[in-house]
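Asks: Quick one: the structure is below, questions incoming.
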Amino acid sequence: MILIIDFGSQYNQLIARRVREQQVFCRIEPPSISLEAVRGLAPEGIILSGGPASVTEEKSPRCDPGIFELGVPVLGICYGMQFMVDALGGRVAAARKREYGFAELTRIDSADPLFRGLKAPRTCWMSHGDSIARLPSGFRITAATANTPVAAAADRKRRLFGVQFHPEVAHTPQGRIILRNFLFGVCGCRRSWTMKSFIRQAVDEIRRTAGEGRVILGLSGGVDSTVTAVLLHRALGNRLTCIFVDNGLLREGEADRLKELFARHLHIRVRFVNAARRFLKALSGVSDPERKRKIIGRVFLEVFEAEARRIRGVEFLAQGTLYPDVIESMSAYGGPSSVIKSHHNVGGLPRRMRLKLIEPLRHLFKDEVRRLGRELGLPAELIWRQPFPGPGLGIRVIGEITARRLQILRAVDRILLEEIKAAGWYRRLWQAFAVLLPVKTVGVMGDARTYEYIAAIRAVTSRDAMTADWARLPQAFLARVSNRIINEVSGVNRVVYDISSKPPSTIEWE
Ligand code: XMP
């Protein structure tokens, strides 16, 4: 296990991904982690991440310097290296020249275990204002760049290594080799982090945590809650009860698909609650996006809680929380997800119902959940499903939601997805969906004038939904989709394509 101490770098999750790609388990912890807790984790190695602060400032984040005395190898990256140098008696100073961008490593110490197997040119990615002015005793320079005399340094005896550049980013092409050298050459890790081993451990842990208790889980139809359900079912069998709330804001056929999957394929019982009318009623006359989101969230909670209270002896609430959310919520620096749109979750439910939480995916990244799903035998169609927001079509019918508008949007959306899948675009896109604009414009059909709604198509590429770009779908494809929508869906006589990126727009329209 590798411990990553998070000094606030925008790349800290990337470091974790790179380590896990090598089938080595790792955890990210804040600098406030105690030395006792570090010992308890018994890491095979420690990586100190980069960060925006400067060790020359008084309030810069620091972890217990006792970690350097544990006899565990340490790799400091950027700020992490500077912190190590500072903590061990060296000196860090503001650099004469800020270095940002590509640089070439020169004067490499060929005996350094970190740089074994690197080939020229050894390009790396730099992004720092401070530099190392004096190394602590025991350290030697192991690489330099034109602007940075100490681009890397090591105390091989104590197995302490530092790099000023970022080996975790794609802009350091041989960064993977460096990280691999650290994990296997220096720390002696084994490739033991596989989804098979995860399933074994997770099932054991769920059994230990749940004891004889009953667990409830809300299903959304997405991959996270489905994988959670399968894992819990393996561990607890019928002591798991899944609840699915149909809010009437789902895509066409979605509820039936979910029923079919759970009944026929997974053999997991699900309590379906059809609350479509209740949601529509609560939303009637409301057109403000934030109010719509709040209402959908509140009604969901009410319906879910009422159903949960009907099940006797429930002690646990399971959730498909993923690692990025866990890291963000514990990060001292605040995550990037500032509240622009309120997402709904089960909020205060556990406290009100005195339930304990079970979150078996809380250490996994999304790509790992997908691999886990495959290992658990879930169909590829589900594993690769694009994200779908909790408030569903409720935030894709702009303005007031009515049954007729939902019906129109469902038909448009079905055609779009059929065509996206047929053209082989589904997996290449982060999301593709339709939005209904309750604005009427004039058209002509046959010889008659029409006066109907506009449908907008949104298709974006993205890595993580933090930023997104509109997809350059082929014109012939867009023409076909537009034709089909206008011909087949009554109520729509105009189709437009959204060509805005995020930022400054967002992916969803509301
Ligand atoms: P935006 O519109 O903020 O969306 O660019 C970013 C990603 O989040 C999804 N999204 C939601 N997911 N509940 C969710 O579970 C929500 O309330 C919600 N709102 C937006 C959106 O589909 C995109 O993938």
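Convention: chains lettered A, B, ... in structure tokens order; per-chain residue numbering from 1; ligands numbered from 1 as shown.
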Hey, what's within 8 Å of segment 417-423 of chain A if we count only C-alpha atoms and toss same-chain stuff fewer than 3 positions away? As a list of chain:residue names, please?
Replies: A:Asp413, A:Arg414, A:Tyr426, A:Ala432, A:Phe433, A:Val481
Asks: Please identify every polymer residue within 7 Å of ligand 1, using only C-alpha atoms and all ligand atoms, and present the set as a PyMOL selection string.
Replies: chain A and resi 293+340-344+387-391+431+465-466+502+506-510
Asks: Counting only C-alpha atoms, what is within 10 Å of segment 376-381 of chain A, bar same-chain residues fewer than 2 positions away, as a PyMOL selection string?
Replies: chain A and resi 195-196+199+223+226-227+230-231+234+261+265-266+370-374+383-386
Asks: At what distance in Å, to one decimal, does atom CA of Arg405 of chain A lie from atom CA of Ile499 of chain A?
Replies: 23.5 Å
Asks: Could you write out, as number ranges by chain, all the residues of segment 216-363 of chain A that DSSP marks as alpha helix (DSSP H)?
Replies: A: 223-236, 254-260, 276-283, 289-309, 323-330, 349-352
Asks: Identify, with DSSP run on backbone atoms, the residues in segment 33-244 of chain A assigned to strand (DSSP E or B), and express the list as a PyMOL selection string.
Replies: chain A and resi 45-48+74-77+91-104+106+123-134+140-144+152-155+160-163+214-219+240-244
Asks: When you look at Val442 of chain A with a cut-off of 12 Å (counting only C-alpha atoms), what residues show up, excluding the ones that are within fewer than 4 positions of it in the same chain? I need them as a PDB file with C-alpha atoms, in the first residue's frame.
Replies:
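Final output, saved to around.pdb:
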```pdb
ATOM      1  CA  ALA A 448     -49.618  23.666 -43.405  1.00  0.00           C
ATOM      2  CA  ARG A 449     -48.077  26.129 -41.014  1.00  0.00           C
ATOM      3  CA  THR A 450     -46.871  24.606 -37.726  1.00  0.00           C
ATOM      4  CA  TYR A 451     -46.195  26.341 -34.442  1.00  0.00           C
ATOM      5  CA  GLU A 452     -44.283  24.054 -32.118  1.00  0.00           C
ATOM      6  CA  TYR A 453     -41.417  23.491 -29.674  1.00  0.00           C
ATOM      7  CA  ILE A 454     -37.659  23.445 -30.251  1.00  0.00           C
ATOM      8  CA  GLY A 491     -44.819  18.676 -31.020  1.00  0.00           C
ATOM      9  CA  VAL A 492     -41.337  19.533 -32.351  1.00  0.00           C
ATOM     10  CA  ASN A 493     -40.693  21.379 -35.602  1.00  0.00           C
ATOM     11  CA  ARG A 494     -37.137  22.629 -35.090  1.00  0.00           C
TER      12      ARG A 494
END
```
Asks: A:Lys259, A:Arg463, A:Gly51, A:Leu473: which is nearest Gly424 of chain A, counting only C-alpha atoms?
Replies: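 When distances to Gly424 of chain A are compared using only C-alpha atoms, the smallest one comes from A:Leu473.
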Asks: Could you give me, as a list of chain:residue names, the residues within 8 Å of Ile327 of chain A, counting only C-alpha atoms and dropping anything in the same chain fewer than 3 positions from it?
Replies: A:Ile28, A:Glu29, A:Tyr323, A:Pro324, A:Met330, A:Ser331
Asks: With all heavy atoms retained, could you export that selection as a tab-separated table (two decimals), in the first residue's frame?
Replies:
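Result saved to again-v4.tsv:
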```tsv
chain	number	residue	atom	x	y	z
A	28	ILE	N	-5.19	8.42	-0.34
A	28	ILE	CA	-4.81	9.82	-0.22
A	28	ILE	C	-5.26	10.30	1.16
A	28	ILE	O	-6.40	10.08	1.55
A	28	ILE	CB	-5.50	10.67	-1.30
A	28	ILE	CG1	-5.12	10.15	-2.69
A	28	ILE	CG2	-5.15	12.14	-1.15
A	28	ILE	CD1	-5.74	10.93	-3.82
A	29	GLU	N	-4.35	10.92	1.90
A	29	GLU	CA	-4.71	11.43	3.22
A	29	GLU	C	-4.22	12.88	3.32
A	29	GLU	O	-3.24	13.26	2.67
A	29	GLU	CB	-4.06	10.60	4.33
A	29	GLU	CG	-4.53	9.15	4.38
A	29	GLU	CD	-5.97	8.99	4.87
A	29	GLU	OE1	-6.48	9.90	5.56
A	29	GLU	OE2	-6.60	7.97	4.53
A	323	TYR	N	-14.49	7.42	-4.61
A	323	TYR	CA	-13.33	8.01	-3.96
A	323	TYR	C	-13.18	9.52	-4.20
A	323	TYR	O	-12.87	10.26	-3.26
A	323	TYR	CB	-12.07	7.26	-4.38
A	323	TYR	CG	-10.92	7.43	-3.41
A	323	TYR	CD1	-11.14	7.60	-2.06
A	323	TYR	CD2	-9.61	7.41	-3.86
A	323	TYR	CE1	-10.10	7.75	-1.17
A	323	TYR	CE2	-8.55	7.56	-2.97
A	323	TYR	CZ	-8.79	7.75	-1.63
A	323	TYR	OH	-7.76	7.90	-0.75
A	324	PRO	N	-13.38	10.00	-5.44
A	324	PRO	CA	-13.22	11.46	-5.62
A	324	PRO	C	-14.09	12.28	-4.68
A	324	PRO	O	-13.65	13.32	-4.19
A	324	PRO	CB	-13.64	11.66	-7.09
A	324	PRO	CG	-13.28	10.37	-7.75
A	324	PRO	CD	-13.60	9.31	-6.72
A	330	MET	N	-12.90	15.48	2.40
A	330	MET	CA	-11.96	15.56	3.52
A	330	MET	C	-10.81	16.51	3.22
A	330	MET	O	-10.04	16.85	4.11
A	330	MET	CB	-11.42	14.18	3.88
A	330	MET	CG	-10.38	13.67	2.91
A	330	MET	SD	-9.83	12.03	3.39
A	330	MET	CE	-8.65	11.74	2.09
A	331	SER	N	-10.71	16.96	1.96
A	331	SER	CA	-9.59	17.82	1.61
A	331	SER	C	-9.66	19.14	2.37
A	331	SER	O	-10.71	19.74	2.51
A	331	SER	CB	-9.60	18.11	0.11
A	331	SER	OG	-8.70	19.16	-0.18
```
Asks: I'd like the neighbourhood of Glu305 of chain A as a list of chain:residue names, where a residue qualifies if any of its atoms comes within 12 Å (using only C-alpha atoms), though same-chain residues fewer than 3 positions away should be ignored.
Replies: A:Ile216, A:Leu217, A:Gly218, A:Ile243, A:Phe244, A:Val245, A:Val273, A:Arg298, A:Val299, A:Phe300, A:Leu301, A:Glu302, A:Ala308, A:Arg309, A:Arg310, A:Ile311, A:Val314, A:Leu317, A:Val346, A:Gly347, A:Gly348, A:Leu349, A:Pro350, A:Arg351, A:Arg352, A:Met353, A:Arg354, A:Leu355
Asks: Those same residues, written as a short mmCIF file (atom, residue, chain, number, x, y, z; two decimals), in the first residue's frame with N, CA and C atoms?
Replies:
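Writing the result to out-v2.cif gives the following:
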```cif
data_model
loop_
_atom_site.label_atom_id
_atom_site.label_comp_id
_atom_site.auth_asym_id
_atom_site.auth_seq_id
_atom_site.Cartn_x
_atom_site.Cartn_y
_atom_site.Cartn_z
N ILE A 216 -30.45 -1.18 3.51
CA ILE A 216 -31.23 -0.69 2.37
C ILE A 216 -30.33 0.12 1.44
N LEU A 217 -30.71 0.11 0.16
CA LEU A 217 -29.91 0.80 -0.85
C LEU A 217 -30.86 1.41 -1.88
N GLY A 218 -30.65 2.67 -2.20
CA GLY A 218 -31.44 3.31 -3.25
C GLY A 218 -30.77 3.08 -4.60
N ILE A 243 -34.26 -0.26 -3.13
CA ILE A 243 -35.45 0.56 -3.39
C ILE A 243 -35.20 1.40 -4.64
N PHE A 244 -36.16 1.35 -5.53
CA PHE A 244 -36.05 2.20 -6.72
C PHE A 244 -37.26 3.12 -6.78
N VAL A 245 -36.99 4.41 -6.78
CA VAL A 245 -38.07 5.39 -6.86
C VAL A 245 -38.20 5.88 -8.29
N VAL A 273 -41.12 1.85 -6.42
CA VAL A 273 -42.13 2.79 -5.96
C VAL A 273 -42.43 3.73 -7.11
N ARG A 298 -36.28 16.90 -2.48
CA ARG A 298 -37.09 16.75 -1.27
C ARG A 298 -38.11 15.62 -1.42
N VAL A 299 -38.81 15.60 -2.56
CA VAL A 299 -39.83 14.56 -2.74
C VAL A 299 -39.16 13.18 -2.78
N PHE A 300 -37.99 13.11 -3.40
CA PHE A 300 -37.28 11.83 -3.43
C PHE A 300 -37.03 11.34 -2.01
N LEU A 301 -36.55 12.23 -1.17
CA LEU A 301 -36.25 11.85 0.22
C LEU A 301 -37.50 11.37 0.94
N GLU A 302 -38.60 12.12 0.75
CA GLU A 302 -39.85 11.75 1.43
C GLU A 302 -40.30 10.36 1.00
N ALA A 308 -38.54 3.13 3.12
CA ALA A 308 -37.54 2.52 4.00
C ALA A 308 -38.16 2.18 5.36
N ARG A 309 -39.07 3.01 5.83
CA ARG A 309 -39.67 2.77 7.15
C ARG A 309 -40.60 1.56 7.13
N ARG A 310 -40.97 1.14 5.94
CA ARG A 310 -41.85 -0.03 5.86
C ARG A 310 -41.07 -1.34 6.00
N ILE A 311 -39.76 -1.23 5.91
CA ILE A 311 -38.94 -2.44 6.02
C ILE A 311 -38.49 -2.55 7.47
N VAL A 314 -34.17 -2.38 9.78
CA VAL A 314 -33.07 -1.85 8.98
C VAL A 314 -32.08 -1.12 9.87
N LEU A 317 -27.70 1.99 5.82
CA LEU A 317 -28.02 2.56 4.52
C LEU A 317 -26.75 2.47 3.66
N VAL A 346 -28.93 11.68 -0.11
CA VAL A 346 -29.82 11.30 0.99
C VAL A 346 -29.65 12.15 2.24
N GLY A 347 -28.74 13.08 2.19
CA GLY A 347 -28.61 14.11 3.23
C GLY A 347 -28.80 13.64 4.65
N GLY A 348 -29.79 14.18 5.32
CA GLY A 348 -29.98 13.92 6.74
C GLY A 348 -30.66 12.59 7.06
N LEU A 349 -30.96 11.81 6.04
CA LEU A 349 -31.71 10.57 6.27
C LEU A 349 -31.07 9.62 7.30
N PRO A 350 -29.76 9.34 7.17
CA PRO A 350 -29.15 8.39 8.11
C PRO A 350 -29.37 8.81 9.57
N ARG A 351 -29.25 10.12 9.84
CA ARG A 351 -29.41 10.56 11.22
C ARG A 351 -30.86 10.42 11.67
N ARG A 352 -31.77 10.88 10.79
CA ARG A 352 -33.19 10.80 11.16
C ARG A 352 -33.63 9.37 11.43
N MET A 353 -33.15 8.46 10.61
CA MET A 353 -33.59 7.06 10.76
C MET A 353 -32.62 6.24 11.60
N ARG A 354 -31.61 6.92 12.16
CA ARG A 354 -30.58 6.23 12.94
C ARG A 354 -29.96 5.07 12.16
N LEU A 355 -29.54 5.36 10.95
CA LEU A 355 -28.91 4.32 10.13
C LEU A 355 -27.41 4.55 10.06
#
```
Asks: Find the residue from A:Gly313, A:Gly50, A:Gly320, A:Gly253 that sits nearest to Glu212 of chain A; use only C-alpha atoms when measuring.
Replies: A:Gly313
Asks: Could you tell me which of A:Tyr497, A:Phe102, A:Phe68, A:Tyr11 comes closest to Leu160 of chain A if we count only C-alpha atoms?
Replies: A:Phe68
Asks: Skipping near chain neighbours, those fewer than 6 positions away, what residues fall within 10 Å of Asp112 of chain A using only C-alpha atoms, listed as a list in words?
Replies: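 Contacts, with the query itself left out: Ile141, Thr142, Ala143, Ala153, Ala154, Asp155, Arg156, Phe161 and Asn181 of chain A.
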Asks: Please compute the atom CA of Thr461 of chain A-atom CA of Leu429 of chain A distance, one decimal, in Å.
Replies: 4.9 Å
Asks: Here is a test: counting only C-alpha atoms, which residue of A:Leu382, A:Ala235, A:Val303, A:Val74 is nearest to Gly222 of chain A?
Replies: A:Leu382
